[in-house]
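**Student:** Take this structure, written in structure tokens, and hold onto it; I'll ask about it next.
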Amino acid sequence: MVIRIGLAMLQGARHEHAQALYNAATELKLEIEVIPLRSEEDLLGVKIDGIVLPGGESTTMRKASKNHGLLSSIFDFMDKNSKLPVLGTCAGAILLLNPLMDREPYIEANVNRNAFGRQKESFQSILKLSGIEIPSIINQGSSEKTVVEANHLPLLVEELVEIKSQEEFQGIFIRAPRFEKITPNVKKVAFYNDEAVGLMQGNKLALSFHPELTTDYRFHRWLLSKAKERNLFR
């Protein structure tokens with residue numbers, strides 16, 4: 001069984017997400033294929049079990065997708081497959097909370113772009129996780145597989161903080177959005193101090209930080225486990 005994850009190739013840490021997905025698959029002993037999504041044609045005739053919406057600049061991402069209809073096609077695909085697991089990080093989280101195009105939000109909360117500060121105010125901090133089921137590592141090891149352009153390798157980020165428990169996670173915030181007016185339908189799963197920076201509704205997960213810039217693949221394991229469930233029962 002091959003799990004296929006569609007990766008929106010709009011902007012941001014796309015290759016880091018791809019590498020994180022392959023490493024998470026190694027940890028779970030899963031066979032996966034990362035499908036680069038650049039246009040609506042990339043969603044046709046392919047079985048996709050989950051989607052990643054990476055970070056970047058949300059306005060630029062919306063403009064860049066117009067020529068090829070990528071975002072509208074991804075949203076159409078999500079609408080037709082309501083249980084499809086989706087991971088959105090930073091700008092990807094903004095797209096989940098505020099898709100525009102006369103669409104209802106996939107996660108019911110407001111979002112304030114860049115509210116954590118500008119580029120020079122980027123920071124790292126230990127976050128607290130709560131209420132999200134993440135499968136444990138089955139296999140220790142690493143994956144050398146990369147995706148898309150061979151000359152565009154993932155960025156290596158040094159671990160700067162020590163994780164002391166499974167309830168902690170290293171959060172990397174880069175021009176990060178803030179979540180506001182979160183409805184009761186939404187589960188808060190990650191916290192910076194007392195502020196929710198990770199939201200989940202159904203199989204949609206929005207993170208205002210960048211887990212793909214760490215070597216902790218728990219959120220990618222979450223996505224793959226949900227994608228596997230969908231694959232099995234589809």
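Numbering starts fresh at 1 for the residues of each chain in the structure tokens, the chains themselves are lettered A, B, ... in the order given, and ligands are numbered from 1 as they appear.
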Just want the 9 Å neighbourhood of Asn114 (chain A), counted on only C-alpha atoms, with same-chain residues fewer than 4 positions away dropped. Output as a ChimeraX atom specification.

**Tutor:** /A:118-119,174-178

**Student:** Can you list, as a short mmCIF file (atom, residue, chain, number, x, y, z; two decimals) with C-alpha atoms, in the first residue's frame, every protein, DNA or RNA residue that comes within 10 Å of region 179-188 of chain A when you count only C-alpha atoms, leaving out same-chain residues fewer than 2 positions away?

**Tutor:**
data_model
loop_
_atom_site.label_atom_id
_atom_site.label_comp_id
_atom_site.auth_asym_id
_atom_site.auth_seq_id
_atom_site.Cartn_x
_atom_site.Cartn_y
_atom_site.Cartn_z
CA ALA A 93 -2.84 27.67 7.98
CA ILE A 94 -4.08 31.06 6.75
CA LEU A 97 -8.89 29.51 8.00
CA ILE A 107 -11.23 25.60 10.34
CA GLU A 108 -13.65 27.94 12.09
CA ALA A 109 -11.51 30.75 13.50
CA ASN A 110 -10.22 34.14 12.44
CA VAL A 111 -6.60 34.63 11.46
CA ASN A 112 -4.37 37.69 11.83
CA ARG A 113 -1.53 37.57 9.29
CA ALA A 115 0.70 39.08 13.96
CA LEU A 129 0.87 19.84 22.80
CA SER A 130 -2.54 18.65 23.95
CA GLY A 131 -5.39 16.55 22.58
CA ILE A 132 -3.79 15.32 19.37
CA ALA A 176 3.61 33.81 11.91
CA PRO A 177 -0.16 34.37 12.01
CA ALA A 190 -0.63 23.34 20.41
CA PHE A 191 0.09 26.25 22.71
CA GLU A 195 -2.11 30.99 23.28
CA ALA A 196 -3.34 28.40 20.79
CA VAL A 197 -0.96 28.09 17.82
CA GLY A 198 -2.26 24.75 16.55
CA LEU A 199 -5.91 24.16 15.62
CA MET A 200 -7.67 21.04 14.41
CA GLN A 201 -11.15 20.57 13.00
CA GLY A 202 -11.97 17.15 11.67
CA LYS A 204 -7.72 19.56 9.00
CA LEU A 205 -4.73 20.77 11.06
CA ALA A 206 -3.49 24.38 11.01
CA LEU A 207 -0.19 25.33 12.64
CA SER A 208 1.10 28.90 12.84
#

**Student:** Quick check for you: according to DSSP on this backbone, which residues of region 14-209 of chain A are classed as helix (DSSP H, G or I)? Reply as number ranges by chain.

**Tutor:** A: 14-28, 40-43, 58-66, 70-80, 91-97, 119-121

**Student:** If you measure from CA of Leu53 (chain A) to CA of Ala20 (chain A), what distance in Å do you get, rounded to one decimal?

**Tutor:**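 A separation of 13.5 Å between them.
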
**Student:** Please report as CSV every residue of region 161-216 of chain A lying within 12 Å of region 22-35 of chain A, along with the nearest atom pair and their distance in Å (one decimal), using only C-alpha atoms.

**Tutor:**
residue,atom,partner,partner_atom,distance
A:Pro211,CA,A:Ala24,CA,11.9
A:Glu212,CA,A:Asn23,CA,10.7
A:Thr214,CA,A:Asn23,CA,11.5
A:Thr215,CA,A:Asn23,CA,8.8
A:Asp216,CA,A:Ala24,CA,8.8

**Student:** If you run DSSP on the backbone, which residues of chain A are strand (DSSP E), as an NGL selection string?

**Tutor:** :A and (2-8 or 31-37 or 50-53 or 86-89 or 110-112 or 123-129 or 168-173 or 178-180 or 187-192 or 195-201 or 204-207)

**Student:** Could you turn the residues from that selection into a file that holds C-alpha atoms, as a JSON list (two decimals), in the first residue's frame?

**Tutor:**
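Printed below is result-v5.json as written:
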[["chain", "number", "residue", "atom", "x", "y", "z"],
["A", 2, "VAL", "CA", 1.42, 3.36, -1.08],
["A", 3, "ILE", "CA", 0.24, 6.50, 0.69],
["A", 4, "ARG", "CA", 0.16, 9.49, -1.67],
["A", 5, "ILE", "CA", 0.48, 13.00, -0.28],
["A", 6, "GLY", "CA", -0.14, 16.04, -2.46],
["A", 7, "LEU", "CA", 2.29, 18.89, -1.73],
["A", 8, "ALA", "CA", 1.28, 22.35, -2.97],
["A", 31, "GLU", "CA", 5.64, 3.48, 1.74],
["A", 32, "ILE", "CA", 4.68, 6.92, 0.49],
["A", 33, "GLU", "CA", 4.87, 9.05, -2.62],
["A", 34, "VAL", "CA", 4.91, 12.83, -2.44],
["A", 35, "ILE", "CA", 2.99, 14.27, -5.40],
["A", 36, "PRO", "CA", 4.08, 17.82, -6.34],
["A", 37, "LEU", "CA", 1.01, 19.96, -7.08],
["A", 50, "GLY", "CA", -3.62, 13.76, 2.13],
["A", 51, "ILE", "CA", -2.45, 17.28, 1.31],
["A", 52, "VAL", "CA", 0.19, 19.66, 2.70],
["A", 53, "LEU", "CA", -0.22, 23.43, 2.33],
["A", 86, "VAL", "CA", -4.75, 18.35, 5.39],
["A", 87, "LEU", "CA", -1.76, 19.92, 7.15],
["A", 88, "GLY", "CA", -1.39, 23.68, 6.74],
["A", 89, "THR", "CA", 1.62, 25.47, 8.21],
["A", 110, "ASN", "CA", -10.22, 34.14, 12.44],
["A", 111, "VAL", "CA", -6.60, 34.63, 11.46],
["A", 112, "ASN", "CA", -4.37, 37.69, 11.83],
["A", 123, "PHE", "CA", 11.82, 33.19, 17.11],
["A", 124, "GLN", "CA", 11.86, 29.66, 18.53],
["A", 125, "SER", "CA", 10.09, 28.47, 21.64],
["A", 126, "ILE", "CA", 9.00, 25.29, 23.38],
["A", 127, "LEU", "CA", 5.32, 24.64, 22.74],
["A", 128, "LYS", "CA", 2.90, 22.46, 24.66],
["A", 129, "LEU", "CA", 0.87, 19.84, 22.80],
["A", 168, "GLU", "CA", 6.64, 19.54, 24.15],
["A", 169, "PHE", "CA", 7.53, 20.62, 20.63],
["A", 170, "GLN", "CA", 10.07, 23.03, 19.19],
["A", 171, "GLY", "CA", 8.09, 25.82, 17.53],
["A", 172, "ILE", "CA", 9.76, 27.93, 14.84],
["A", 173, "PHE", "CA", 7.82, 31.13, 14.12],
["A", 178, "ARG", "CA", -2.26, 34.46, 15.15],
["A", 179, "PHE", "CA", -5.56, 32.60, 15.59],
["A", 180, "GLU", "CA", -8.50, 34.57, 17.00],
["A", 187, "LYS", "CA", -9.82, 21.75, 18.99],
["A", 188, "LYS", "CA", -6.75, 23.59, 20.29],
["A", 189, "VAL", "CA", -3.79, 21.22, 20.06],
["A", 190, "ALA", "CA", -0.63, 23.34, 20.41],
["A", 191, "PHE", "CA", 0.09, 26.25, 22.71],
["A", 192, "TYR", "CA", 2.67, 29.02, 22.94],
["A", 195, "GLU", "CA", -2.11, 30.99, 23.28],
["A", 196, "ALA", "CA", -3.34, 28.40, 20.79],
["A", 197, "VAL", "CA", -0.96, 28.09, 17.82],
["A", 198, "GLY", "CA", -2.26, 24.75, 16.55],
["A", 199, "LEU", "CA", -5.91, 24.16, 15.62],
["A", 200, "MET", "CA", -7.67, 21.04, 14.41],
["A", 201, "GLN", "CA", -11.15, 20.57, 13.00],
["A", 204, "LYS", "CA", -7.72, 19.56, 9.00],
["A", 205, "LEU", "CA", -4.73, 20.77, 11.06],
["A", 206, "ALA", "CA", -3.49, 24.38, 11.01],
["A", 207, "LEU", "CA", -0.19, 25.33, 12.64]]

**Student:** Would you mind reading off the distance between CA of Asn81 (chain A) and CA of Ser136 (chain A), one decimal, in Å?

**Tutor:**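 If I compute the distance from CA of Asn81 (chain A) to CA of Ser136 (chain A), I get 26.8 Å.
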
**Student:** In Å, rounded to a single decimal, give me how far CA of Ser225 (chain A) is from CA of Glu16 (chain A).

**Tutor:**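 CA of Glu16 (chain A) sits 19.1 Å away from CA of Ser225 (chain A).
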
**Student:** For each of A:Lys83, A:Lys47, A:Arg218, A:Arg38, take the minimum atom-to-atom distance to Leu70 (chain A), counting only C-alpha atoms, then give the residue where this is smallest.

**Tutor:** A:Arg38
